[in-house]
Amino acid sequence: MSAVAKQAPLAARFEGVEVTGFALSARRSALERLRAMGLPGRRDEYWRWTDPAVLNAENPNEAKAFEAEDEVPLFDAVERLRVVFVDGVFDAAASDDLALEGIEIARLAEAPDLSWASGLYGTLEAAGQSPVARPFAALNTALARDGVLIRVTGRPSKPVNLIYIHKSEASDPILHHCIRLEPGAEMTLLENGPGGARFNTVLEVDVTAGARFHHIRTQGRDHERRAITHIFARIGAEALFKSFTLTVNGVLTRNECVLDIVGDDAVAHVAGAALGDGATGPFHHDDTVFVTHAAERGESRQVFKKVLKHGAVGVFQGKILVKPGAQKTDGYQISQSLLLDDDSQFLAKPELEIYADDVQCSHGSTTGAIDETALFYLRSRGVPLDAAQGLLVLSFLADAIAEIEDTGLQEEIVGRLEAWLGRHR
Amino acid sequence: MLEIKNLHVKLEEEDKVILKGVNLTVETGKVHAIMGPNGSGKSTLSYVLSGRDGYQVTAGSATLEGAELLEMEPEDRAAAGLFLAFQYPVEIPGVGNMTFLRTAVNAQRKARGQEELSAGEFLKVVREKAKTLKIDADMLKRPVNVGFSGGEKKRNEILQMAMLEPKMCILDETDSGLDVDAMRLVADGVNALRDPGRSFLVITHYQRLLDHIKPDVVHIMADGRIIQTGGPELALEVEKNGYADILKAHGVTEAV
């Protein structure tokens with residue numbers, strides 16, 4: 001596909017668009033990047049399995065706002081600092097006091113004068129555009145209206161919870177968050193709640209030397225959602241990055257994760273568990289991951305599990321790139337799907353590209369059905385068929401959930417899974 | 001308790017007949033043993049009784065306290081009081097042994113119209129029963145059978161049996177893969193569950209398990225049928241002379 005053809009709809013859409021707000025120069029160059037790369041089409045190799053049309057469209061498809069009785073909010077039992085966005089706009093009244101020892105939280109829309117943040121905004125996103133273009137991330141950087149800027153200097157006593165509320169049926173929020181963890185700092189970021197009819201988020205995380213970042217995100221209470229999310233992280237020496245996403249429901253979700261290991265002895269794990277039931281509406285879930293090892297003795301793990309039924313579609317595109325000199329790299333990637341019927345589909349493209357000679361990298365991808373022997377074993381103990389299937393689904397997802405270090409947060413996620421399984425028998 | 005009449009079973013997906021008219025009655029409170037050479041249909045009998053897929057019953061019946069077993073789902077058979085201790089207990093990664101046990105116990109209680117046990121009540125009972133089987137807290141927390149030794153897996157089966165308190169217990173080669181000490185531990189667990197209201201069907205190749213779990217009746221199975229029934233002395237005879245003489249006397253050519 002020619003660049004001209006891709007540019008055509010874009011030119012019309014962004015004709016005369018003037019960027020405003022925080023980090024103006026970063027926004028301008030993002031818009032330039034976007035104009036140069038164009039929005040993706042179905043014929044783009046990177047979008048072969050996920051149709052970007054609804055993400056490209058000028059206006060979002062309307063999505064019914066989430067009804068509270070559908071599901072109780074997650075993380076209610078967790079002591080946390082809540083930062084609430086309603087249709088993509090920060091809601092101070094609904095949020096907690098943003099002051100917390102060891103952490104500084106500012107609001108993007110207030111365009112604070114923070115040099116660390118204006119230096120980070122759009123930087124990791126720009127770096128993540130090569131070798132594969134990620135136009136929706138550039139669009140986000142150019143046009144994001146709100147988000148948080150978080151600088152972590154110590155070890156705050158509780159997680160920060162970004163909570164998204166979807167009120168307007170045509171809401172189209174674009175949120176951009178920047179987080180910098182200073183050397184040795186540690187934080188846990190939680191994200192949950194229905195974001196909007198169409199939801200575009202970018203999270204840029206700079207994990208400097210010896211810092212530790214934990215991220216637990218859930219997507220699911222907005223059944224008609226179309227979402228495109230990006231995480232761009234730079235992981236320094238002896239630093240740790242761990243991200244887990246649970247996705248249930250949603251018409252279309254594409255979660256891209258771009259991790260750059262730039263310091264020696266760093267650890268980067270990204271995991272996802274997705275459950276889709278096409279009986280309650282279309283479900284298309286895409287995990288696209290790119291991990292680059294540019295330093296020695298780095299450890300990376302990608303663990304992605306999908307449970308699909310009634311025509312649900314799961315996509316996984318995962319790559320490990322080991323650059324010259326990134327010796328003793330330990331890269332691991334697994335993507336697995338459990339198909340609960342014959343109608344569902346799992347498409348996977350695992351890739352390794354290695355330019356160092358002393359590394360250990362492995363990848364695997366499987367598609368399977370419920371283990372009949374295990375199912376019989378459970379039923380022979382009196383566990384009814386649907387509950388037995390539920391236990392085996394949890395068993396299948398266990399490796400991904402185990403990537404969450406905090407057992408209390410693990411239990412929250414398992415509780416959410418059990419509730420979903422209870423409703424989708 | 002258990003009454004099997006003229007049971008004929010073939011594999012669902014191929015024309016292979018495995019059980020060719022099994023007749024067996026296990027009285028309440030009794031321990032019956034089934035011995036027989038490899039391929040005689042012993043394990044198939046246990047699977048068919050507990051409801052595993054892949055088999056087709058072509059004739060006959062099996063009832064538990066008068067209720068027709070063969071038409072029930074596996075979980076309903078369990079709720080009716082049937083338990084099968086597996087020859088190869090299944091590993092279920094990611095599901096804690098305790099979660100599994102509690103789910104099973106409460107599912108059965110629910111099916112029987114009893115109130116579910118609270119977490120506290122359950123914990124108390126399971127700890128007590130685990131202790132007598134020398135199952136430690138760590139084994140209860142670990143995922144079901146994952147990383148368990150052969151002996152631990154079999155003890156875990158007996159723990160499940162103790163927790164579920166079935167009326168009719170089938171032990172499918174519970175002695176396989178066990179050393180003498182482990183076998184004694186398992187046998188002690190089984191003996192502790194012997195009760196005037198509970199029956200056992202012990203399937204084994206060897207007489208040695210029957211030294212520890214003393215049967216009231218011993219059956220010899222070959223070529224898909226029970227060919228001889230006797231007292232405990234029958235097991236001793238097999239131990240001494242092998243199956244050849246018995247098979248020959250009943251006109252059965254050596255099983256595969």
# chains A, B, ... in the order shown; residues from 1 in each chain; ligands from 1
$ interface_residues --of "chain B" --to "chain A" --cutoff "7 Å" --atoms "only C-alpha atoms" --output "CSV table (one decimal) with N, CA and C atoms, in the first residue's frame"
chain,number,residue,atom,x,y,z
B,50,SER,N,-17.8,-44.9,36.9
B,50,SER,CA,-17.7,-43.5,37.3
B,50,SER,C,-18.1,-42.5,36.2
B,52,ARG,N,-16.7,-42.0,32.8
B,52,ARG,CA,-15.8,-41.4,31.9
B,52,ARG,C,-16.3,-41.6,30.4
B,74,PRO,N,-21.1,-37.8,35.6
B,74,PRO,CA,-20.1,-38.2,36.6
B,74,PRO,C,-20.4,-37.5,37.9
B,75,GLU,N,-20.7,-36.2,37.9
B,75,GLU,CA,-20.8,-35.4,39.2
B,75,GLU,C,-22.1,-35.9,39.9
B,76,ASP,N,-23.1,-36.4,39.2
B,76,ASP,CA,-24.2,-36.9,39.9
B,76,ASP,C,-23.9,-38.3,40.6
B,78,ALA,N,-21.1,-39.1,41.7
B,78,ALA,CA,-20.3,-38.7,42.9
B,78,ALA,C,-21.2,-38.3,44.0
B,79,ALA,N,-22.2,-37.5,43.7
B,79,ALA,CA,-23.2,-37.0,44.7
B,79,ALA,C,-24.0,-38.2,45.3
B,90,VAL,N,-4.8,-36.9,38.3
B,90,VAL,CA,-4.5,-35.8,37.3
B,90,VAL,C,-3.9,-34.6,37.9
B,92,ILE,N,-3.4,-30.6,38.1
B,92,ILE,CA,-4.2,-29.4,37.6
B,92,ILE,C,-3.4,-28.2,38.1
B,93,PRO,N,-2.5,-27.7,37.2
B,93,PRO,CA,-1.7,-26.5,37.6
B,93,PRO,C,-2.6,-25.3,37.9
B,94,GLY,N,-2.2,-24.5,38.9
B,94,GLY,CA,-2.9,-23.3,39.1
B,94,GLY,C,-4.1,-23.4,39.9
B,95,VAL,N,-4.5,-24.6,40.3
B,95,VAL,CA,-5.7,-24.7,41.2
B,95,VAL,C,-5.2,-25.4,42.5
B,103,THR,N,-14.2,-27.0,46.8
B,103,THR,CA,-15.2,-27.0,45.7
B,103,THR,C,-15.9,-28.3,45.6
B,104,ALA,N,-15.2,-29.4,45.7
B,104,ALA,CA,-15.8,-30.7,45.5
B,104,ALA,C,-16.7,-31.0,46.7
B,107,ALA,N,-19.8,-28.8,46.5
B,107,ALA,CA,-20.7,-29.2,45.4
B,107,ALA,C,-21.5,-30.4,45.8
B,108,GLN,N,-20.9,-31.4,46.4
B,108,GLN,CA,-21.6,-32.6,46.8
B,108,GLN,C,-22.6,-32.3,47.9
$ residues_around --residues "Lys153 of chain B" --least-positions-apart "4" --cutoff "10 Å" --atoms "only C-alpha atoms" --output "PyMOL selection string"
chain B and resi 86-91+139+144-149+157-159+174
$ closest_residue --among "A:Leu338, A:Leu100, A:Leu321, A:Leu347" --to "Lys306 of chain A" --atoms "only C-alpha atoms"
A:Leu338
$ residues_around --residues "Ser118 of chain B" --least-positions-apart "4" --cutoff "10 Å" --atoms "only C-alpha atoms" --output "compact mmCIF listing (two decimals) with N, CA and C atoms, in the first residue's frame"
# COMPACT_ATOMS: atom_id res chain seq x y z
N ARG B 102 -12.35 -28.11 48.55
CA ARG B 102 -13.51 -27.40 49.09
C ARG B 102 -14.61 -27.29 48.04
N ASN B 106 -18.18 -29.02 48.79
CA ASN B 106 -19.38 -28.17 48.82
C ASN B 106 -20.33 -28.45 47.66
N PHE B 122 -14.33 -26.05 57.09
CA PHE B 122 -13.67 -26.92 56.14
C PHE B 122 -12.20 -27.13 56.52
N LEU B 123 -11.55 -26.01 56.85
CA LEU B 123 -10.13 -26.05 57.18
C LEU B 123 -9.85 -26.99 58.35
$ select_by_dssp --residues "segment 31-192 of chain A" --states "alpha helix (DSSP H)" --output "PyMOL selection string"
chain A and resi 31-37+53-56+115-120+123-127+135-143
$ write_last_selection --atoms "N, CA and C atoms" --output "compact mmCIF listing (two decimals), in the first residue's frame"
# COMPACT_ATOMS: atom_id res chain seq x y z
N LEU A 31 2.62 14.97 15.57
CA LEU A 31 1.69 15.17 14.45
C LEU A 31 2.42 15.03 13.11
N GLU A 32 3.65 15.52 13.09
CA GLU A 32 4.47 15.34 11.88
C GLU A 32 4.70 13.86 11.61
N ARG A 33 5.05 13.12 12.67
CA ARG A 33 5.26 11.66 12.54
C ARG A 33 4.00 11.01 11.99
N LEU A 34 2.88 11.40 12.56
CA LEU A 34 1.61 10.79 12.15
C LEU A 34 1.31 11.09 10.69
N ARG A 35 1.55 12.32 10.31
CA ARG A 35 1.29 12.69 8.90
C ARG A 35 2.20 11.89 7.97
N ALA A 36 3.43 11.67 8.43
CA ALA A 36 4.39 10.94 7.59
C ALA A 36 4.02 9.46 7.48
N MET A 37 3.58 8.86 8.57
CA MET A 37 3.32 7.41 8.53
C MET A 37 1.89 7.09 8.10
N ALA A 53 -10.35 -0.05 11.10
CA ALA A 53 -11.32 0.92 10.56
C ALA A 53 -12.03 1.73 11.66
N VAL A 54 -12.52 1.05 12.69
CA VAL A 54 -13.27 1.79 13.71
C VAL A 54 -12.36 2.70 14.53
N LEU A 55 -11.07 2.34 14.56
CA LEU A 55 -10.13 3.20 15.28
C LEU A 55 -9.74 4.40 14.42
N ASN A 56 -9.73 4.19 13.09
CA ASN A 56 -9.40 5.24 12.14
C ASN A 56 -10.52 6.25 11.97
N SER A 115 10.08 19.91 33.99
CA SER A 115 11.03 19.62 32.92
C SER A 115 11.21 18.11 32.71
N TRP A 116 11.15 17.34 33.82
CA TRP A 116 11.31 15.88 33.64
C TRP A 116 10.20 15.35 32.74
N ALA A 117 8.98 15.91 32.92
CA ALA A 117 7.82 15.40 32.18
C ALA A 117 7.83 15.86 30.73
N SER A 118 8.19 17.14 30.52
CA SER A 118 8.21 17.59 29.12
C SER A 118 9.34 16.91 28.37
N GLY A 119 10.37 16.46 29.10
CA GLY A 119 11.45 15.71 28.45
C GLY A 119 11.05 14.28 28.12
N LEU A 120 10.09 13.74 28.86
CA LEU A 120 9.68 12.34 28.66
C LEU A 120 8.50 12.24 27.69
N THR A 123 8.68 11.01 24.07
CA THR A 123 10.04 10.55 23.75
C THR A 123 10.09 9.04 23.54
N LEU A 124 9.52 8.30 24.50
CA LEU A 124 9.54 6.84 24.37
C LEU A 124 8.61 6.39 23.24
N GLU A 125 7.52 7.12 23.09
CA GLU A 125 6.60 6.83 21.97
C GLU A 125 7.34 7.01 20.65
N ALA A 126 8.07 8.11 20.50
CA ALA A 126 8.79 8.37 19.25
C ALA A 126 9.82 7.26 19.00
N ALA A 127 10.53 6.87 20.06
CA ALA A 127 11.54 5.82 19.91
C ALA A 127 10.88 4.49 19.53
N PRO A 135 0.85 4.31 14.56
CA PRO A 135 0.24 5.62 14.30
C PRO A 135 -0.70 6.09 15.41
N PHE A 136 -1.44 5.19 16.03
CA PHE A 136 -2.40 5.64 17.04
C PHE A 136 -1.70 6.19 18.28
N ALA A 137 -0.45 5.75 18.48
CA ALA A 137 0.31 6.29 19.60
C ALA A 137 0.77 7.71 19.28
N ALA A 138 1.19 7.92 18.04
CA ALA A 138 1.60 9.28 17.63
C ALA A 138 0.39 10.21 17.69
N LEU A 139 -0.74 9.70 17.23
CA LEU A 139 -1.98 10.49 17.30
C LEU A 139 -2.28 10.88 18.75
N ASN A 140 -2.08 9.92 19.63
CA ASN A 140 -2.32 10.17 21.05
C ASN A 140 -1.40 11.28 21.57
N THR A 141 -0.12 11.15 21.28
CA THR A 141 0.83 12.16 21.77
C THR A 141 0.45 13.55 21.26
N ALA A 142 0.03 13.61 20.00
CA ALA A 142 -0.31 14.91 19.42
C ALA A 142 -1.57 15.50 20.05
N LEU A 143 -2.55 14.64 20.32
CA LEU A 143 -3.88 15.17 20.65
C LEU A 143 -4.39 14.90 22.06
$ residues_around --residues "Ile227 of chain B" --least-positions-apart "3" --cutoff "9 Å" --atoms "only C-alpha atoms" --output "PyMOL selection string"
chain B and resi 219-223+246-247+250+252
$ residues_around --residues "segment 107-109 of chain A" --least-positions-apart "4" --cutoff "9 Å" --atoms "only C-alpha atoms" --output "NGL selection string"
:A and (21-22 or 89-90 or 144-150 or 176-178)
$ atom_distance --atom1 "atom CA of Arg77 of chain B" --atom2 "atom CA of Leu7 of chain B"
17.4 Å
$ residues_around --residues "Leu252 of chain A" --least-positions-apart "3" --cutoff "6 Å" --atoms "only C-alpha atoms" --output "list in words"
Arg226, His284 and His285 of chain A
$ residues_around --residues "segment 63-70 of chain B" --least-positions-apart "4" --cutoff "7 Å" --atoms "only C-alpha atoms" --output "list in words"
Met1, Leu2, Glu3, Ile4, Leu49 and Arg77 of chain B
